[in-house]
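Please read the structure below before turning to the comments.
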Amino acid sequence: MPRKYYEAYNERYLTAHAKGVSWAGEVCSKIVLDTIEKYGFEKQSMLEIGCGEGRDARAVLEKGCRLLATDISEEAIRYCKEQNPSFKDNFQVLDCINGKVEQKFDFIYAMAVIHMLVLDEDRAAFYNFISSHLTENGLALVCSMGDGEMEMQTDIETAFNEVERNHETGKMKVASTSCRMVNTEHFKEEIEKSGLVIVECGLTECLPNFNSMLYAVVRKV
């Protein structure tokens with residue numbers, strides 16, 4: 001079966017891990033922990049979509065939360081299990097565009113996932129997955145790279161092409177991957193079109209990786 005363009009990050013992880021390094025840093029996304037605390041989800045069931053190498057999942061799990069952390073990348077999940085042996089059962093491979101989990105969650109979060117999805121149908125499927133996996137009173141946090149104004153998208157045909165990127169260890173040739181940034185208005189329209197209700201929305205930052213991100217806390221209708 002042909003690989004989907006949004007699977008290209010698996011190749012990036014494979015390249016970095018073969019060199020004995022992680023691709024991303026270890027600093028967790030403050031907005032994730034802040035949202036959990038703000039809405040009182042510490043003891044509730046949680047799902048992370050796109051956990052990557054597990055920096056946010058690790059911080060959440062170390063707080064004693066009941067989290068299932070998922071990613072489409074088999075290499076990312078292998079790495080998470082290896083790096084977090086005490087929590088290895090909390091990590092699972094999942095394609096949220098074409099798959100599902102036999103459970104609903106009180107809190108779902110996805111950091112820097114939606115902007116990896118370029119096609120309208122894939123972005124719609126992402127939001128539909130969230131809607132179908134939230135409990136009646138559940139909330140979800142979605143964060144996307146962007147400054148609220150700029151819009152751009154990459155060519156999905158080049159997602160697996162090798163490019164040179166900056167890494168803390170120096171230049172590294174990795175898979176290009178994919179990206180689509182939307183402005184605030186478009187971001188809100190997508191969410192509302194999917195049948196989700198925006199509880200709060202704005203701009204945040206997740207340093208050192210993202211100087212500016214769109215975020216939305218959403219619930220089911």
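Numbering starts fresh at 1 for the residues of each chain in the structure tokens, the chains themselves are lettered A, B, ... in the order given, and ligands are numbered from 1 as they appear.
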Using only C-alpha atoms, what does the table of stretch 82-164 of chain A residues within 7 Å of stretch 181-187 of chain A look like, with each row giving the shortest atom pair and its distance in Å to one decimal, sorted by chain and ascending number, as a tab-separated table?
residue	atom	partner	partner_atom	distance
A:His115	CA	A:Met181	CA	5.8
A:Met145	CA	A:Met181	CA	6.4
A:Gly146	CA	A:Met181	CA	5.8
A:Gly148	CA	A:Asn183	CA	4.4
A:Glu149	CA	A:Asn183	CA	4.5
A:Met150	CA	A:Asn183	CA	5.7
A:Glu151	CA	A:Val182	CA	4.6
A:Met152	CA	A:Met181	CA	5.3
A:Gln153	CA	A:Met181	CA	6.3
Just to be explicit: take each residue in the selection above, keep N, CA and C atoms, and write the result as an mmCIF file, in the first residue's frame.
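What follows is the written file again.cif:
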data_model
loop_
_atom_site.group_PDB
_atom_site.id
_atom_site.type_symbol
_atom_site.label_atom_id
_atom_site.label_comp_id
_atom_site.auth_asym_id
_atom_site.auth_seq_id
_atom_site.Cartn_x
_atom_site.Cartn_y
_atom_site.Cartn_z
ATOM 1 N N HIS A 115 -1.190 20.825 11.497
ATOM 2 C CA HIS A 115 -0.475 21.515 10.420
ATOM 3 C C HIS A 115 0.361 20.568 9.559
ATOM 4 N N MET A 145 0.951 25.146 14.091
ATOM 5 C CA MET A 145 1.938 26.167 13.783
ATOM 6 C C MET A 145 1.281 27.292 12.989
ATOM 7 N N GLY A 146 1.567 28.532 13.363
ATOM 8 C CA GLY A 146 1.010 29.670 12.652
ATOM 9 C C GLY A 146 0.974 30.912 13.506
ATOM 10 N N GLY A 148 -1.522 33.230 12.988
ATOM 11 C CA GLY A 148 -2.886 33.738 12.913
ATOM 12 C C GLY A 148 -3.209 34.449 11.619
ATOM 13 N N GLU A 149 -2.192 34.783 10.830
ATOM 14 C CA GLU A 149 -2.401 35.529 9.590
ATOM 15 C C GLU A 149 -1.879 34.791 8.363
ATOM 16 N N MET A 150 -0.696 34.228 8.458
ATOM 17 C CA MET A 150 -0.057 33.592 7.307
ATOM 18 C C MET A 150 -0.754 32.289 6.914
ATOM 19 N N GLU A 151 -0.857 32.053 5.590
ATOM 20 C CA GLU A 151 -1.354 30.793 5.078
ATOM 21 C C GLU A 151 -0.363 30.257 4.046
ATOM 22 N N MET A 152 -0.076 28.964 4.116
ATOM 23 C CA MET A 152 0.814 28.330 3.151
ATOM 24 C C MET A 152 0.614 26.823 3.213
ATOM 25 N N GLN A 153 1.059 26.125 2.170
ATOM 26 C CA GLN A 153 1.051 24.673 2.208
ATOM 27 C C GLN A 153 2.138 24.127 1.294
#
Within 8 Å of A:Ala112, counting only C-alpha atoms, which residues show up once you throw out same-chain ones fewer than 2 positions away? Write them as number ranges by chain, please. A: 50, 110, 114-116, 142-145
What would the file look like if the residues just selected were written as an mmCIF file, in the first residue's frame with N, CA, C and O atoms?
data_model
loop_
_atom_site.group_PDB
_atom_site.id
_atom_site.type_symbol
_atom_site.label_atom_id
_atom_site.label_comp_id
_atom_site.auth_asym_id
_atom_site.auth_seq_id
_atom_site.Cartn_x
_atom_site.Cartn_y
_atom_site.Cartn_z
ATOM 1 N N GLY A 50 -0.500 12.067 18.028
ATOM 2 C CA GLY A 50 0.781 12.553 17.518
ATOM 3 C C GLY A 50 1.784 12.840 18.619
ATOM 4 O O GLY A 50 2.289 13.958 18.739
ATOM 5 N N ALA A 110 -3.571 17.434 20.838
ATOM 6 C CA ALA A 110 -2.755 17.192 19.645
ATOM 7 C C ALA A 110 -1.891 18.422 19.407
ATOM 8 O O ALA A 110 -2.390 19.468 18.993
ATOM 9 N N ILE A 114 -2.152 18.954 13.348
ATOM 10 C CA ILE A 114 -3.039 19.407 12.283
ATOM 11 C C ILE A 114 -2.275 20.123 11.174
ATOM 12 O O ILE A 114 -2.632 20.020 9.997
ATOM 13 N N HIS A 115 -1.190 20.825 11.497
ATOM 14 C CA HIS A 115 -0.475 21.515 10.420
ATOM 15 C C HIS A 115 0.361 20.568 9.559
ATOM 16 O O HIS A 115 0.874 20.974 8.520
ATOM 17 N N MET A 116 0.468 19.305 9.962
ATOM 18 C CA MET A 116 1.119 18.311 9.104
ATOM 19 C C MET A 116 0.155 17.777 8.045
ATOM 20 O O MET A 116 0.570 17.131 7.084
ATOM 21 N N VAL A 142 -6.198 21.591 20.532
ATOM 22 C CA VAL A 142 -5.550 21.453 19.226
ATOM 23 C C VAL A 142 -4.625 22.639 19.023
ATOM 24 O O VAL A 142 -5.064 23.797 19.139
ATOM 25 N N CYS A 143 -3.351 22.376 18.723
ATOM 26 C CA CYS A 143 -2.381 23.443 18.481
ATOM 27 C C CYS A 143 -1.750 23.261 17.108
ATOM 28 O O CYS A 143 -1.351 22.154 16.739
ATOM 29 N N SER A 144 -1.670 24.356 16.355
ATOM 30 C CA SER A 144 -1.154 24.320 14.989
ATOM 31 C C SER A 144 -0.133 25.437 14.787
ATOM 32 O O SER A 144 -0.323 26.561 15.254
ATOM 33 N N MET A 145 0.951 25.146 14.091
ATOM 34 C CA MET A 145 1.938 26.167 13.783
ATOM 35 C C MET A 145 1.281 27.292 12.989
ATOM 36 O O MET A 145 0.526 27.045 12.058
#
Determine which residues of stretch 75-192 of chain A DSSP labels as strand (DSSP E) from the backbone of this structure, then write them out as an NGL selection string. :A and (91-93 or 105-111 or 134-145 or 152-153 or 162-167 or 170-175 or 180-181)
Could you write out that same residue set with N, CA and C atoms as an mmCIF file, in the first residue's frame?
data_model
loop_
_atom_site.group_PDB
_atom_site.id
_atom_site.type_symbol
_atom_site.label_atom_id
_atom_site.label_comp_id
_atom_site.auth_asym_id
_atom_site.auth_seq_id
_atom_site.Cartn_x
_atom_site.Cartn_y
_atom_site.Cartn_z
ATOM 1 N N PHE A 91 1.798 3.666 25.244
ATOM 2 C CA PHE A 91 2.088 4.149 23.891
ATOM 3 C C PHE A 91 1.551 3.163 22.859
ATOM 4 N N GLN A 92 0.972 3.705 21.796
ATOM 5 C CA GLN A 92 0.326 2.856 20.794
ATOM 6 C C GLN A 92 0.387 3.513 19.414
ATOM 7 N N VAL A 93 0.628 2.704 18.382
ATOM 8 C CA VAL A 93 0.590 3.198 17.005
ATOM 9 C C VAL A 93 -0.863 3.435 16.604
ATOM 10 N N PHE A 105 -12.592 9.536 25.508
ATOM 11 C CA PHE A 105 -11.691 10.180 26.452
ATOM 12 C C PHE A 105 -12.255 11.516 26.922
ATOM 13 N N ASP A 106 -11.895 11.859 28.162
ATOM 14 C CA ASP A 106 -12.338 13.128 28.733
ATOM 15 C C ASP A 106 -11.513 14.296 28.208
ATOM 16 N N PHE A 107 -10.259 14.023 27.863
ATOM 17 C CA PHE A 107 -9.388 15.077 27.347
ATOM 18 C C PHE A 107 -8.507 14.499 26.239
ATOM 19 N N ILE A 108 -8.521 15.168 25.096
ATOM 20 C CA ILE A 108 -7.683 14.799 23.951
ATOM 21 C C ILE A 108 -6.826 16.011 23.598
ATOM 22 N N TYR A 109 -5.559 15.775 23.337
ATOM 23 C CA TYR A 109 -4.729 16.892 22.877
ATOM 24 C C TYR A 109 -3.852 16.470 21.708
ATOM 25 N N ALA A 110 -3.571 17.434 20.838
ATOM 26 C CA ALA A 110 -2.755 17.192 19.645
ATOM 27 C C ALA A 110 -1.891 18.422 19.407
ATOM 28 N N MET A 111 -0.622 18.277 19.689
ATOM 29 C CA MET A 111 0.332 19.365 19.500
ATOM 30 C C MET A 111 1.008 19.208 18.138
ATOM 31 N N LEU A 134 -14.419 11.850 21.951
ATOM 32 C CA LEU A 134 -14.602 12.622 23.175
ATOM 33 C C LEU A 134 -15.811 12.113 23.947
ATOM 34 N N THR A 135 -15.703 12.109 25.260
ATOM 35 C CA THR A 135 -16.873 11.829 26.087
ATOM 36 C C THR A 135 -17.836 13.011 26.002
ATOM 37 N N GLU A 136 -19.022 12.852 26.538
ATOM 38 C CA GLU A 136 -20.061 13.876 26.426
ATOM 39 C C GLU A 136 -19.595 15.243 26.936
ATOM 40 N N ASN A 137 -18.858 15.250 28.031
ATOM 41 C CA ASN A 137 -18.397 16.509 28.615
ATOM 42 C C ASN A 137 -16.896 16.722 28.416
ATOM 43 N N GLY A 138 -16.324 15.992 27.476
ATOM 44 C CA GLY A 138 -14.895 16.080 27.257
ATOM 45 C C GLY A 138 -14.469 17.323 26.491
ATOM 46 N N LEU A 139 -13.179 17.615 26.551
ATOM 47 C CA LEU A 139 -12.592 18.736 25.833
ATOM 48 C C LEU A 139 -11.359 18.266 25.074
ATOM 49 N N ALA A 140 -11.011 19.013 24.041
ATOM 50 C CA ALA A 140 -9.797 18.710 23.282
ATOM 51 C C ALA A 140 -9.011 19.986 23.070
ATOM 52 N N LEU A 141 -7.686 19.849 23.075
ATOM 53 C CA LEU A 141 -6.778 20.956 22.796
ATOM 54 C C LEU A 141 -6.071 20.667 21.479
ATOM 55 N N VAL A 142 -6.198 21.591 20.532
ATOM 56 C CA VAL A 142 -5.550 21.453 19.226
ATOM 57 C C VAL A 142 -4.625 22.639 19.023
ATOM 58 N N CYS A 143 -3.351 22.376 18.723
ATOM 59 C CA CYS A 143 -2.381 23.443 18.481
ATOM 60 C C CYS A 143 -1.750 23.261 17.108
ATOM 61 N N SER A 144 -1.670 24.356 16.355
ATOM 62 C CA SER A 144 -1.154 24.320 14.989
ATOM 63 C C SER A 144 -0.133 25.437 14.787
ATOM 64 N N MET A 145 0.951 25.146 14.091
ATOM 65 C CA MET A 145 1.938 26.167 13.783
ATOM 66 C C MET A 145 1.281 27.292 12.989
ATOM 67 N N MET A 152 -0.076 28.964 4.116
ATOM 68 C CA MET A 152 0.814 28.330 3.151
ATOM 69 C C MET A 152 0.614 26.823 3.213
ATOM 70 N N GLN A 153 1.059 26.125 2.170
ATOM 71 C CA GLN A 153 1.051 24.673 2.208
ATOM 72 C C GLN A 153 2.138 24.127 1.294
ATOM 73 N N GLU A 162 14.468 14.104 0.487
ATOM 74 C CA GLU A 162 15.478 14.426 1.483
ATOM 75 C C GLU A 162 15.887 15.892 1.384
ATOM 76 N N VAL A 163 15.895 16.571 2.534
ATOM 77 C CA VAL A 163 16.312 17.971 2.594
ATOM 78 C C VAL A 163 17.251 18.140 3.787
ATOM 79 N N GLU A 164 17.981 19.232 3.794
ATOM 80 C CA GLU A 164 18.875 19.511 4.908
ATOM 81 C C GLU A 164 18.166 20.404 5.920
ATOM 82 N N ARG A 165 18.161 19.976 7.163
ATOM 83 C CA ARG A 165 17.507 20.734 8.229
ATOM 84 C C ARG A 165 18.500 20.960 9.374
ATOM 85 N N ASN A 166 18.226 22.035 10.128
ATOM 86 C CA ASN A 166 19.038 22.311 11.304
ATOM 87 C C ASN A 166 18.665 21.371 12.443
ATOM 88 N N HIS A 167 19.665 20.898 13.155
ATOM 89 C CA HIS A 167 19.477 20.054 14.324
ATOM 90 C C HIS A 167 20.468 20.538 15.363
ATOM 91 N N GLY A 170 23.868 19.840 14.536
ATOM 92 C CA GLY A 170 24.374 20.354 13.270
ATOM 93 C C GLY A 170 23.382 20.107 12.154
ATOM 94 N N LYS A 171 23.802 20.256 10.929
ATOM 95 C CA LYS A 171 22.937 20.005 9.780
ATOM 96 C C LYS A 171 22.661 18.504 9.656
ATOM 97 N N MET A 172 21.423 18.179 9.271
ATOM 98 C CA MET A 172 21.053 16.773 9.096
ATOM 99 C C MET A 172 20.139 16.645 7.887
ATOM 100 N N LYS A 173 20.386 15.660 7.043
ATOM 101 C CA LYS A 173 19.523 15.396 5.904
ATOM 102 C C LYS A 173 18.413 14.442 6.324
ATOM 103 N N VAL A 174 17.179 14.934 6.195
ATOM 104 C CA VAL A 174 16.015 14.182 6.655
ATOM 105 C C VAL A 174 14.872 14.334 5.654
ATOM 106 N N ALA A 175 13.803 13.577 5.867
ATOM 107 C CA ALA A 175 12.612 13.700 5.021
ATOM 108 C C ALA A 175 12.009 15.085 5.170
ATOM 109 N N ARG A 180 0.892 22.620 6.417
ATOM 110 C CA ARG A 180 -0.125 23.555 5.945
ATOM 111 C C ARG A 180 -0.505 24.467 7.101
ATOM 112 N N MET A 181 -0.247 25.745 6.936
ATOM 113 C CA MET A 181 -0.630 26.724 7.939
ATOM 114 C C MET A 181 -1.863 27.488 7.467
#
Shell around A:Asn128 at 9 Å using only C-alpha atoms, local window under 3 positions removed, as a list in words: Ile97, Arg123, Ala124, Ala125, Ser131, Ser132, His133, Ser194, Gly195 and Leu196 of chain A
Would you save the residues of that selection, restricted to N, CA and C atoms, as a compact mmCIF listing (two decimals), in the first residue's frame?
# COMPACT_ATOMS: atom_id res chain seq x y z
N ILE A 97 -6.38 9.37 11.03
CA ILE A 97 -7.15 9.66 9.81
C ILE A 97 -7.96 8.45 9.37
N ARG A 123 -7.71 16.81 7.02
CA ARG A 123 -7.93 17.71 8.15
C ARG A 123 -9.34 17.50 8.72
N ALA A 124 -10.31 17.29 7.86
CA ALA A 124 -11.68 17.01 8.32
C ALA A 124 -11.73 15.70 9.09
N ALA A 125 -11.01 14.69 8.61
CA ALA A 125 -10.98 13.39 9.28
C ALA A 125 -10.34 13.51 10.67
N SER A 131 -13.96 14.40 17.54
CA SER A 131 -15.37 14.47 17.92
C SER A 131 -15.92 13.10 18.32
N SER A 132 -15.55 12.08 17.58
CA SER A 132 -16.08 10.74 17.83
C SER A 132 -15.42 10.04 19.02
N HIS A 133 -14.31 10.59 19.53
CA HIS A 133 -13.60 9.95 20.64
C HIS A 133 -13.64 10.76 21.93
N SER A 194 -16.67 21.00 11.43
CA SER A 194 -16.59 19.59 11.83
C SER A 194 -17.61 19.24 12.90
N GLY A 195 -18.33 20.25 13.41
CA GLY A 195 -19.33 19.99 14.43
C GLY A 195 -18.82 20.14 15.84
N LEU A 196 -17.62 20.69 16.00
CA LEU A 196 -17.08 20.95 17.32
C LEU A 196 -17.36 22.41 17.70
Using only C-alpha atoms, what table do you get, as JSON lines, when you list each residue of stretch 36-67 of chain A with an atom no more than 12 Å from stretch 17-22 of chain A, its nearest pair of atoms, and their distance in Å rounded to one decimal, rows by chain then rising number?
{"residue": "A:Gly52", "atom": "CA", "partner": "A:Ser22", "partner_atom": "CA", "distance": 10.2}
{"residue": "A:Glu53", "atom": "CA", "partner": "A:Ser22", "partner_atom": "CA", "distance": 7.4}
{"residue": "A:Gly54", "atom": "CA", "partner": "A:Ser22", "partner_atom": "CA", "distance": 10.4}
{"residue": "A:Arg55", "atom": "CA", "partner": "A:Ser22", "partner_atom": "CA", "distance": 10.6}
Let's have the selection written as a PDB file, in the first residue's frame, with N, CA, C and O atoms.
ATOM      1  N   GLY A  52       4.796  11.851  18.918  1.00  0.00           N
ATOM      2  CA  GLY A  52       6.185  11.981  18.497  1.00  0.00           C
ATOM      3  C   GLY A  52       7.116  11.191  19.391  1.00  0.00           C
ATOM      4  O   GLY A  52       6.851  10.028  19.711  1.00  0.00           O
ATOM      5  N   GLU A  53       8.177  11.819  19.839  1.00  0.00           N
ATOM      6  CA  GLU A  53       9.161  11.132  20.685  1.00  0.00           C
ATOM      7  C   GLU A  53       8.799  11.167  22.167  1.00  0.00           C
ATOM      8  O   GLU A  53       9.567  10.716  23.005  1.00  0.00           O
ATOM      9  N   GLY A  54       7.606  11.675  22.478  1.00  0.00           N
ATOM     10  CA  GLY A  54       7.050  11.487  23.809  1.00  0.00           C
ATOM     11  C   GLY A  54       7.327  12.538  24.860  1.00  0.00           C
ATOM     12  O   GLY A  54       7.065  12.311  26.039  1.00  0.00           O
ATOM     13  N   ARG A  55       7.787  13.732  24.450  1.00  0.00           N
ATOM     14  CA  ARG A  55       8.145  14.701  25.493  1.00  0.00           C
ATOM     15  C   ARG A  55       6.929  15.161  26.288  1.00  0.00           C
ATOM     16  O   ARG A  55       7.001  15.285  27.516  1.00  0.00           O
TER      17      ARG A  55
END
Among stretch 23-200 of chain A, which ones does DSSP assign to alpha helix (DSSP H) (computed from the backbone)? Answer as a tab-separated table (two decimals) with N, CA, C and O atoms, in the first residue's frame.
chain	number	residue	atom	x	y	z
A	30	LYS	N	4.07	23.67	27.50
A	30	LYS	CA	3.46	24.19	28.71
A	30	LYS	C	1.94	24.26	28.61
A	30	LYS	O	1.23	24.02	29.59
A	31	ILE	N	1.43	24.57	27.43
A	31	ILE	CA	-0.01	24.72	27.27
A	31	ILE	C	-0.77	23.42	27.56
A	31	ILE	O	-1.91	23.44	28.02
A	32	VAL	N	-0.12	22.28	27.33
A	32	VAL	CA	-0.77	20.99	27.62
A	32	VAL	C	-1.01	20.85	29.11
A	32	VAL	O	-2.14	20.58	29.57
A	33	LEU	N	0.04	21.05	29.91
A	33	LEU	CA	-0.09	20.92	31.35
A	33	LEU	C	-1.00	22.00	31.92
A	33	LEU	O	-1.79	21.73	32.83
A	34	ASP	N	-0.91	23.21	31.37
A	34	ASP	CA	-1.76	24.30	31.85
A	34	ASP	C	-3.24	24.02	31.59
A	34	ASP	O	-4.09	24.31	32.44
A	35	THR	N	-3.55	23.44	30.42
A	35	THR	CA	-4.94	23.15	30.07
A	35	THR	C	-5.50	22.03	30.94
A	35	THR	O	-6.65	22.08	31.39
A	36	ILE	N	-4.69	21.02	31.19
A	36	ILE	CA	-5.11	19.92	32.08
A	36	ILE	C	-5.46	20.47	33.46
A	36	ILE	O	-6.49	20.12	34.05
A	37	GLU	N	-4.61	21.34	33.96
A	37	GLU	CA	-4.85	21.92	35.29
A	37	GLU	C	-6.03	22.88	35.28
A	37	GLU	O	-6.88	22.84	36.18
A	38	LYS	N	-6.12	23.72	34.26
A	38	LYS	CA	-7.18	24.72	34.19
A	38	LYS	C	-8.57	24.09	34.20
A	38	LYS	O	-9.49	24.60	34.87
A	55	ARG	N	7.79	13.73	24.45
A	55	ARG	CA	8.14	14.70	25.49
A	55	ARG	C	6.93	15.16	26.29
A	55	ARG	O	7.00	15.28	27.52
A	56	ASP	N	5.79	15.42	25.63
A	56	ASP	CA	4.59	15.84	26.35
A	56	ASP	C	3.97	14.68	27.11
A	56	ASP	O	3.53	14.82	28.25
A	57	ALA	N	3.96	13.52	26.47
A	57	ALA	CA	3.40	12.33	27.11
A	57	ALA	C	4.14	12.01	28.41
A	57	ALA	O	3.52	11.68	29.43
A	58	ARG	N	5.45	12.11	28.37
A	58	ARG	CA	6.25	11.82	29.56
A	58	ARG	C	5.87	12.75	30.70
A	58	ARG	O	5.68	12.30	31.85
A	59	ALA	N	5.73	14.03	30.41
A	59	ALA	CA	5.39	15.00	31.45
A	59	ALA	C	4.00	14.73	32.03
A	59	ALA	O	3.78	14.82	33.24
A	60	VAL	N	3.06	14.37	31.16
A	60	VAL	CA	1.70	14.08	31.61
A	60	VAL	C	1.66	12.79	32.43
A	60	VAL	O	1.03	12.73	33.50
A	61	LEU	N	2.34	11.77	31.96
A	61	LEU	CA	2.36	10.49	32.67
A	61	LEU	C	3.05	10.60	34.03
A	61	LEU	O	2.62	9.97	35.00
A	62	GLU	N	4.09	11.40	34.09
A	62	GLU	CA	4.80	11.57	35.36
A	62	GLU	C	3.97	12.31	36.39
A	62	GLU	O	4.28	12.26	37.59
A	74	GLU	N	5.58	4.21	13.57
A	74	GLU	CA	6.00	3.04	14.33
A	74	GLU	C	7.34	3.28	15.01
A	74	GLU	O	7.58	2.81	16.13
A	75	GLU	N	8.22	4.02	14.34
A	75	GLU	CA	9.52	4.32	14.93
A	75	GLU	C	9.37	5.21	16.15
A	75	GLU	O	10.06	5.02	17.16
A	76	ALA	N	8.48	6.19	16.09
A	76	ALA	CA	8.25	7.07	17.24
A	76	ALA	C	7.75	6.28	18.43
A	76	ALA	O	8.23	6.48	19.56
A	77	ILE	N	6.80	5.39	18.22
A	77	ILE	CA	6.26	4.59	19.32
A	77	ILE	C	7.32	3.62	19.86
A	77	ILE	O	7.42	3.43	21.08
A	78	ARG	N	8.09	3.01	18.98
A	78	ARG	CA	9.18	2.14	19.44
A	78	ARG	C	10.13	2.92	20.34
A	78	ARG	O	10.53	2.46	21.42
A	79	TYR	N	10.48	4.13	19.91
A	79	TYR	CA	11.39	4.98	20.66
A	79	TYR	C	10.79	5.37	22.01
A	79	TYR	O	11.48	5.35	23.04
A	80	CYS	N	9.51	5.73	22.02
A	80	CYS	CA	8.85	6.10	23.27
A	80	CYS	C	8.85	4.95	24.27
A	80	CYS	O	9.10	5.16	25.47
A	81	LYS	N	8.57	3.77	23.80
A	81	LYS	CA	8.57	2.59	24.68
A	81	LYS	C	9.97	2.34	25.22
A	81	LYS	O	10.15	1.99	26.41
A	82	GLU	N	10.96	2.50	24.38
A	82	GLU	CA	12.36	2.28	24.79
A	82	GLU	C	12.81	3.32	25.82
A	82	GLU	O	13.48	2.99	26.80
A	83	GLN	N	12.44	4.57	25.59
A	83	GLN	CA	12.86	5.66	26.47
A	83	GLN	C	12.04	5.73	27.76
A	83	GLN	O	12.50	6.34	28.74
A	120	ASP	N	-7.74	18.82	2.52
A	120	ASP	CA	-8.96	19.16	3.27
A	120	ASP	C	-9.60	17.92	3.89
A	120	ASP	O	-10.06	17.97	5.04
A	121	GLU	N	-9.65	16.83	3.12
A	121	GLU	CA	-10.30	15.63	3.64
A	121	GLU	C	-9.57	15.02	4.83
A	121	GLU	O	-10.18	14.45	5.72
A	122	ASP	N	-8.25	15.16	4.85
A	122	ASP	CA	-7.47	14.64	5.98
A	122	ASP	C	-7.65	15.51	7.21
A	122	ASP	O	-7.77	15.00	8.34
A	123	ARG	N	-7.71	16.81	7.02
A	123	ARG	CA	-7.93	17.71	8.15
A	123	ARG	C	-9.34	17.50	8.72
A	123	ARG	O	-9.52	17.50	9.95
A	124	ALA	N	-10.31	17.29	7.86
A	124	ALA	CA	-11.68	17.01	8.32
A	124	ALA	C	-11.73	15.70	9.09
A	124	ALA	O	-12.40	15.60	10.13
A	125	ALA	N	-11.01	14.69	8.61
A	125	ALA	CA	-10.98	13.39	9.28
A	125	ALA	C	-10.34	13.51	10.67
A	125	ALA	O	-10.77	12.84	11.63
A	126	PHE	N	-9.34	14.35	10.79
A	126	PHE	CA	-8.68	14.60	12.08
A	126	PHE	C	-9.69	15.14	13.08
A	126	PHE	O	-9.80	14.64	14.21
A	127	TYR	N	-10.43	16.15	12.69
A	127	TYR	CA	-11.41	16.73	13.61
A	127	TYR	C	-12.56	15.77	13.89
A	127	TYR	O	-13.09	15.72	15.02
A	128	ASN	N	-12.95	14.99	12.90
A	128	ASN	CA	-14.02	14.00	13.11
A	128	ASN	C	-13.57	12.93	14.09
A	128	ASN	O	-14.37	12.42	14.89
A	129	PHE	N	-12.28	12.56	14.03
A	129	PHE	CA	-11.75	11.58	14.99
A	129	PHE	C	-11.88	12.13	16.40
A	129	PHE	O	-12.30	11.42	17.32
A	130	ILE	N	-11.50	13.38	16.58
A	130	ILE	CA	-11.60	13.99	17.91
A	130	ILE	C	-13.05	13.97	18.39
A	130	ILE	O	-13.34	13.55	19.52
A	131	SER	N	-13.96	14.40	17.54
A	131	SER	CA	-15.37	14.47	17.92
A	131	SER	C	-15.92	13.10	18.32
A	131	SER	O	-16.66	12.98	19.31
A	132	SER	N	-15.55	12.08	17.58
A	132	SER	CA	-16.08	10.74	17.83
A	132	SER	C	-15.42	10.04	19.02
A	132	SER	O	-15.91	9.01	19.48
A	133	HIS	N	-14.31	10.59	19.53
A	133	HIS	CA	-13.60	9.95	20.64
A	133	HIS	C	-13.64	10.76	21.93
A	133	HIS	O	-13.00	10.38	22.92
A	184	THR	N	-6.26	32.44	11.51
A	184	THR	CA	-7.18	32.21	12.62
A	184	THR	C	-8.61	31.97	12.14
A	184	THR	O	-9.30	31.06	12.63
A	185	GLU	N	-9.05	32.76	11.18
A	185	GLU	CA	-10.43	32.62	10.67
A	185	GLU	C	-10.65	31.24	10.06
A	185	GLU	O	-11.65	30.58	10.32
A	186	HIS	N	-9.69	30.80	9.25
A	186	HIS	CA	-9.79	29.49	8.61
A	186	HIS	C	-9.74	28.37	9.65
A	186	HIS	O	-10.47	27.38	9.57
A	187	PHE	N	-8.88	28.54	10.63
A	187	PHE	CA	-8.75	27.57	11.73
A	187	PHE	C	-10.09	27.39	12.43
A	187	PHE	O	-10.56	26.26	12.65
A	188	LYS	N	-10.74	28.49	12.76
A	188	LYS	CA	-12.04	28.43	13.44
A	188	LYS	C	-13.10	27.80	12.54
A	188	LYS	O	-13.93	27.00	13.00
A	189	GLU	N	-13.09	28.17	11.26
A	189	GLU	CA	-14.07	27.64	10.32
A	189	GLU	C	-13.98	26.12	10.21
A	189	GLU	O	-14.99	25.42	10.19
A	190	GLU	N	-12.76	25.60	10.13
A	190	GLU	CA	-12.57	24.15	10.03
A	190	GLU	C	-13.13	23.43	11.25
A	190	GLU	O	-13.79	22.40	11.14
A	191	ILE	N	-12.85	23.98	12.41
A	191	ILE	CA	-13.30	23.37	13.65
A	191	ILE	C	-14.82	23.35	13.72
A	191	ILE	O	-15.44	22.32	14.01
A	192	GLU	N	-15.43	24.49	13.46
A	192	GLU	CA	-16.88	24.60	13.56
A	192	GLU	C	-17.60	23.78	12.49
A	192	GLU	O	-18.66	23.22	12.74
A	193	LYS	N	-16.98	23.70	11.31
A	193	LYS	CA	-17.56	22.90	10.23
A	193	LYS	C	-17.60	21.42	10.59
A	193	LYS	O	-18.47	20.67	10.14
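Considering only C-alpha atoms, the residue among A:Glu200, A:Asp155, A:Glu102, A:Glu205 positioned nearest to A:Leu47 is A:Glu102.
Distance-wise, atom CA of A:Ala8 and atom CA of A:Val113 end up 12.7 Å apart.
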List the spatial neighbours of A:Val199 as a PDB file with N, CA and C atoms, in the first residue's frame - criterion: any atom at most 7 Å away, only C-alpha atoms, same-chain residues fewer than 5 positions off excluded.
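Written file, out-v1.pdb:
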ATOM      1  N   VAL A 217      -9.339  25.219  22.314  1.00  0.00           N
ATOM      2  CA  VAL A 217      -9.934  24.224  23.202  1.00  0.00           C
ATOM      3  C   VAL A 217     -11.358  24.021  22.689  1.00  0.00           C
ATOM      4  N   VAL A 218     -11.733  22.778  22.417  1.00  0.00           N
ATOM      5  CA  VAL A 218     -13.030  22.512  21.787  1.00  0.00           C
ATOM      6  C   VAL A 218     -13.795  21.428  22.525  1.00  0.00           C
ATOM      7  N   ARG A 219     -15.083  21.389  22.272  1.00  0.00           N
ATOM      8  CA  ARG A 219     -15.953  20.346  22.831  1.00  0.00           C
ATOM      9  C   ARG A 219     -16.957  19.915  21.775  1.00  0.00           C
TER      10      ARG A 219
END
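If you measure from each of A:Lys63, A:Ser178, A:Met1, A:Leu203 to A:Glu42 using only C-alpha atoms, the closest one turns out to be A:Lys63.
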